Each structure stands twice: as C-alpha cells, then as structure tokens.
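The next block holds one structure in the form of structure tokens; read it before the comments.
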Amino acid sequence: MLVNSAGYVVFPVLFSLSLPVFLYNVVLEKESRLIQNMKINGLQMKNYWIVNSGFNFATYLITSFSSFCFGKYFLGLIVFHETNMKFFAIVIFGWGLN
C-alpha cells in the first residue's frame, strides 16, 4: 500500500527529471558559443533543431519506457496496471513534447 502511494508521486517526478539535463545542454551550448561556430561552418538551424529535438525526445522516451517497465513489472504498482495503456501512452508522449 505504501509503495503504491509513493508511486503516485515518484513516477511523475521521474518522467520530468530529464528536463534539467536538456536545459543544461542548451545553456552550455549558448555559453560556449557552439551554435555560432557551427553556423560559421555552414550549419542550417533547421537541421540543428531537428537533430537536437529528435535526440532529446528519443532519450526521454527511453527513460520513460524504462521507468514504466520498472514500475509495472518489477514493483507491480497499481497505477500502471489499472490505467488504460492508450491513455498512459498519450500522457507520456504529450509530457515529452512539452
């Protein structure tokens, strides 16, 4: 019972833990002027944002999927068993887009 109650708080936090890492990368690129150097060498910003967003979203999906599998199969939390999988997938996907 206590594990299930903690799961309602812990797992949403786990799904958003990668946000500070992504923000740190953006600030680090701005501080070291990597984007300006890449622009000088011919980088198109459209390609930069496609690759950067795709990589960050893929990282988020891998992290979310591993957290979901751990919560459902290893801990057996009720929130993962009783929630409709389509709804859960839409929420995780939407959360990642934000």
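Labels for the structure tokens follow display order: chains A, B, ..., residues from 1 in each chain, ligands from 1.
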**OP:** Using DSSP on the backbone coordinates, identify all residues within chain A classified as helix (DSSP H, G or I); present the result as a ChimeraX atom specification.
**Re:** /A:2-15,18-31,34-40,45-74,78-82,85-97
Original post:
Near range 91-94 of chain A, within 9 Å and counting only C-alpha atoms, which residues show up once chain neighbours fewer than 5 positions away are dropped, as an MDAnalysis selection string?
Top reply: chainID A and resid 15 61 64 86
Got time to write the residues from that selection, all heavy atoms, as a compact mmCIF listing (two decimals), in the first residue's frame?
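Output file again-v3.txt follows:
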# COMPACT_ATOMS: atom_id res chain seq x y z
N PHE A 15 9.45 11.05 -14.66
CA PHE A 15 9.21 11.37 -16.06
C PHE A 15 9.67 12.77 -16.42
O PHE A 15 9.87 13.08 -17.58
CB PHE A 15 7.73 11.21 -16.42
CG PHE A 15 7.28 9.77 -16.44
CD1 PHE A 15 6.09 9.41 -15.87
CD2 PHE A 15 8.06 8.79 -17.02
CE1 PHE A 15 5.66 8.09 -15.88
CE2 PHE A 15 7.65 7.48 -17.03
CZ PHE A 15 6.45 7.13 -16.47
N LEU A 61 12.00 9.22 -24.30
CA LEU A 61 11.18 8.02 -24.46
C LEU A 61 11.86 6.79 -23.87
O LEU A 61 11.19 5.95 -23.26
CB LEU A 61 10.86 7.80 -25.94
CG LEU A 61 9.83 8.75 -26.54
CD1 LEU A 61 9.61 8.42 -28.02
CD2 LEU A 61 8.51 8.69 -25.79
N SER A 64 11.52 7.15 -20.09
CA SER A 64 10.14 6.92 -19.67
C SER A 64 9.74 5.46 -19.80
O SER A 64 9.07 4.92 -18.91
CB SER A 64 9.19 7.77 -20.51
OG SER A 64 9.45 9.12 -20.30
N LYS A 86 -3.49 3.04 -23.59
CA LYS A 86 -3.55 4.08 -24.62
C LYS A 86 -3.50 5.47 -23.98
O LYS A 86 -2.78 6.35 -24.45
CB LYS A 86 -4.82 3.95 -25.46
CG LYS A 86 -4.81 2.75 -26.36
CD LYS A 86 -6.11 2.66 -27.14
CE LYS A 86 -6.14 1.38 -27.96
NZ LYS A 86 -7.41 1.22 -28.68
Original post:
Can you tell me how far CA of Ser16 in chain A sits from CA of Arg33 in chain A, in Å to one decimal?
Top reply: 26.9 Å
Original post:
What's the 12 Å shell around range 22-29 of chain A, counting only C-alpha atoms, without same-chain residues fewer than 3 positions away, as a PyMOL selection string?
Top reply: chain A and resi 16-19+32-38+48-49+52-53+55-57+59-60+96
Subject >> For Phe68 in chain A, the nearest of the candidates A:Ala6, A:Pro20, A:Phe11, A:Asn98, counting only C-alpha atoms >> reply: A:Phe11
